[in-house]
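Notes for the one structure printed next.
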Amino acid sequence: MSGSDANSRARANHALYLAKIVLSAWQRELARQDTPARVLIQAFHGAAREHLIAAYGWFLLSISHGGATAGGLPRSCDELPPMPEGRVFPGEINEFRHLEASGWLADLLRDPELFIAAPRQQGNLAVAAADLPGAEQVESWLEKLEALFERMGDSMDEY
């Protein structure tokens, strides 16, 4: 693995670590039961999801041997920089493309609906967004990304 690839992999791992911190705080707040769960979803979901998407972007760069572009970190395979002349994307990218089209990765990458589900209650400034995935779903995405990164990282290390 080149230095650039190792750096991208380290950044992917760091983003996963940050997602774990946000998820842990979210779960602690849920256990306290001081704030409605729907409001906590609104507070924590976006941050946890963005850390997971950043981790995914860094991992994409790592396995494709690319660097971040001026447009920023890729959020999908379609945003990866083109491969140099005579090279093709590794097979792992095909697997990611399939997961981005349908399945759990498509759910993670899909922008959530940001409309407000219910009118604000008297004396409460927070209004919960409708149908955002909860902490359990975000934890599932995190675990699946970790497993995928480990499996693909192990196969990349063999080359």
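Note on naming: chains are A, B, ... as they come in the structure tokens, residues start from 1 per chain, ligands start from 1 in the order shown.
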Could you list, as a ChimeraX atom specification, every residue within 12 Å of Trp141 in chain A, counting only C-alpha atoms and ignoring same-chain residues fewer than 6 positions away? /A:16,19-20,23,45,48-53,55-56,103-109,133-135,147-148
Selected residues written out with N, CA, C and O atoms, as an mmCIF file, in the first residue's frame:
```
data_model
loop_
_atom_site.group_PDB
_atom_site.id
_atom_site.type_symbol
_atom_site.label_atom_id
_atom_site.label_comp_id
_atom_site.auth_asym_id
_atom_site.auth_seq_id
_atom_site.Cartn_x
_atom_site.Cartn_y
_atom_site.Cartn_z
ATOM 1 N N LEU A 16 -14.460 6.772 10.918
ATOM 2 C CA LEU A 16 -15.253 5.751 11.606
ATOM 3 C C LEU A 16 -15.207 5.959 13.120
ATOM 4 O O LEU A 16 -16.223 5.815 13.806
ATOM 5 N N ALA A 19 -17.495 8.731 14.029
ATOM 6 C CA ALA A 19 -18.881 8.261 13.966
ATOM 7 C C ALA A 19 -19.232 7.468 15.222
ATOM 8 O O ALA A 19 -20.343 7.599 15.760
ATOM 9 N N LYS A 20 -18.288 6.666 15.709
ATOM 10 C CA LYS A 20 -18.527 5.893 16.941
ATOM 11 C C LYS A 20 -18.734 6.814 18.134
ATOM 12 O O LYS A 20 -19.575 6.537 18.996
ATOM 13 N N LEU A 23 -22.214 8.303 17.801
ATOM 14 C CA LEU A 23 -23.192 7.259 18.075
ATOM 15 C C LEU A 23 -23.263 6.947 19.568
ATOM 16 O O LEU A 23 -24.352 6.789 20.133
ATOM 17 N N HIS A 45 -28.275 12.277 13.972
ATOM 18 C CA HIS A 45 -28.238 11.508 12.728
ATOM 19 C C HIS A 45 -27.303 12.111 11.681
ATOM 20 O O HIS A 45 -26.462 11.426 11.108
ATOM 21 N N ALA A 48 -23.467 11.770 12.532
ATOM 22 C CA ALA A 48 -22.994 10.386 12.434
ATOM 23 C C ALA A 48 -22.942 9.940 10.977
ATOM 24 O O ALA A 48 -21.959 9.332 10.530
ATOM 25 N N ARG A 49 -23.978 10.261 10.223
ATOM 26 C CA ARG A 49 -24.043 9.878 8.811
ATOM 27 C C ARG A 49 -22.916 10.526 8.011
ATOM 28 O O ARG A 49 -22.275 9.871 7.187
ATOM 29 N N GLU A 50 -22.650 11.790 8.247
ATOM 30 C CA GLU A 50 -21.579 12.474 7.505
ATOM 31 C C GLU A 50 -20.204 11.878 7.815
ATOM 32 O O GLU A 50 -19.354 11.776 6.926
ATOM 33 N N HIS A 51 -19.975 11.478 9.055
ATOM 34 C CA HIS A 51 -18.709 10.810 9.385
ATOM 35 C C HIS A 51 -18.600 9.471 8.639
ATOM 36 O O HIS A 51 -17.520 9.126 8.137
ATOM 37 N N LEU A 52 -19.704 8.734 8.563
ATOM 38 C CA LEU A 52 -19.679 7.461 7.843
ATOM 39 C C LEU A 52 -19.441 7.675 6.345
ATOM 40 O O LEU A 52 -18.675 6.929 5.719
ATOM 41 N N ILE A 53 -20.061 8.685 5.777
ATOM 42 C CA ILE A 53 -19.864 8.968 4.353
ATOM 43 C C ILE A 53 -18.430 9.435 4.091
ATOM 44 O O ILE A 53 -17.824 9.073 3.080
ATOM 45 N N ALA A 55 -15.837 8.488 5.863
ATOM 46 C CA ALA A 55 -15.042 7.262 5.961
ATOM 47 C C ALA A 55 -15.105 6.494 4.641
ATOM 48 O O ALA A 55 -14.084 6.016 4.132
ATOM 49 N N TYR A 56 -16.293 6.401 4.088
ATOM 50 C CA TYR A 56 -16.479 5.711 2.816
ATOM 51 C C TYR A 56 -15.687 6.400 1.703
ATOM 52 O O TYR A 56 -14.992 5.748 0.918
ATOM 53 N N GLY A 103 -29.500 -1.523 -1.637
ATOM 54 C CA GLY A 103 -29.026 -2.127 -0.399
ATOM 55 C C GLY A 103 -28.656 -1.092 0.646
ATOM 56 O O GLY A 103 -28.995 0.088 0.551
ATOM 57 N N TRP A 104 -27.941 -1.557 1.645
ATOM 58 C CA TRP A 104 -27.649 -0.731 2.817
ATOM 59 C C TRP A 104 -26.801 0.483 2.479
ATOM 60 O O TRP A 104 -26.985 1.550 3.067
ATOM 61 N N LEU A 105 -25.864 0.367 1.543
ATOM 62 C CA LEU A 105 -25.024 1.508 1.199
ATOM 63 C C LEU A 105 -25.829 2.573 0.462
ATOM 64 O O LEU A 105 -25.635 3.774 0.679
ATOM 65 N N ALA A 106 -26.761 2.136 -0.374
ATOM 66 C CA ALA A 106 -27.653 3.095 -1.041
ATOM 67 C C ALA A 106 -28.454 3.867 -0.003
ATOM 68 O O ALA A 106 -28.642 5.085 -0.125
ATOM 69 N N ASP A 107 -28.920 3.176 1.041
ATOM 70 C CA ASP A 107 -29.679 3.836 2.105
ATOM 71 C C ASP A 107 -28.820 4.859 2.847
ATOM 72 O O ASP A 107 -29.291 5.952 3.160
ATOM 73 N N LEU A 108 -27.576 4.503 3.128
ATOM 74 C CA LEU A 108 -26.671 5.428 3.811
ATOM 75 C C LEU A 108 -26.419 6.673 2.969
ATOM 76 O O LEU A 108 -26.446 7.796 3.473
ATOM 77 N N LEU A 109 -26.184 6.487 1.677
ATOM 78 C CA LEU A 109 -25.793 7.602 0.806
ATOM 79 C C LEU A 109 -26.961 8.473 0.353
ATOM 80 O O LEU A 109 -26.750 9.617 -0.039
ATOM 81 N N PRO A 133 -33.386 7.649 9.930
ATOM 82 C CA PRO A 133 -32.994 6.420 10.601
ATOM 83 C C PRO A 133 -32.496 6.701 12.017
ATOM 84 O O PRO A 133 -31.845 7.712 12.270
ATOM 85 N N GLY A 134 -32.789 5.787 12.926
ATOM 86 C CA GLY A 134 -32.381 5.934 14.310
ATOM 87 C C GLY A 134 -30.973 5.428 14.567
ATOM 88 O O GLY A 134 -30.246 5.021 13.652
ATOM 89 N N ALA A 135 -30.596 5.435 15.833
ATOM 90 C CA ALA A 135 -29.254 5.032 16.246
ATOM 91 C C ALA A 135 -28.948 3.590 15.850
ATOM 92 O O ALA A 135 -27.811 3.276 15.473
ATOM 93 N N ALA A 147 -16.746 -3.893 8.585
ATOM 94 C CA ALA A 147 -16.524 -5.241 8.068
ATOM 95 C C ALA A 147 -16.052 -5.207 6.618
ATOM 96 O O ALA A 147 -15.130 -5.936 6.234
ATOM 97 N N LEU A 148 -16.663 -4.346 5.820
ATOM 98 C CA LEU A 148 -16.274 -4.218 4.420
ATOM 99 C C LEU A 148 -14.851 -3.683 4.299
ATOM 100 O O LEU A 148 -14.048 -4.199 3.515
#
```
Helix (DSSP H, G or I) positions in range 9-155 of chain A, given as a ChimeraX atom specification: /A:9-32,37-64,77-79,91-101,104-109,135-155
Identify, on the basis of only C-alpha atoms, every residue whose closest approach to Gly91 in chain A does not exceed 12 Å; exclude the query and any residue fewer than 2 positions from it along the same chain; express the result as a ChimeraX atom specification. /A:60,63-64,88-89,93-98,152,155-156
Check chain A with DSSP on the backbone and list each residue it calls strand (DSSP E or B), as a CSV table (one decimal) with N, CA and C atoms, in the first residue's frame.
```csv
chain,number,residue,atom,x,y,z
A,69,THR,N,-10.0,15.3,-4.8
A,69,THR,CA,-9.9,16.2,-5.9
A,69,THR,C,-10.3,17.6,-5.4
A,72,GLY,N,-13.5,17.9,-3.7
A,72,GLY,CA,-13.6,17.4,-2.3
A,72,GLY,C,-13.6,15.9,-2.3
A,116,ILE,N,-40.4,18.7,7.8
A,116,ILE,CA,-40.8,18.6,9.2
A,116,ILE,C,-42.1,17.8,9.3
A,129,ALA,N,-37.6,15.9,12.6
A,129,ALA,CA,-37.7,15.6,11.2
A,129,ALA,C,-38.4,14.2,11.0
```
If you count only C-alpha atoms, which residues fall within 12 Å of Ser24 in chain A, apart from same-chain ones fewer than 6 positions away, as a ChimeraX atom specification? /A:17-18,30-31,44-45,48,135-136,138-139,142
Å distance separating CA of Ala47 in chain A from CA of Pro82 in chain A, one decimal place: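 The value is 29.0 Å.
Reported to one decimal place, the separation of CA of Leu61 in chain A from CA of Arg9 in chain A is 8.2 Å.
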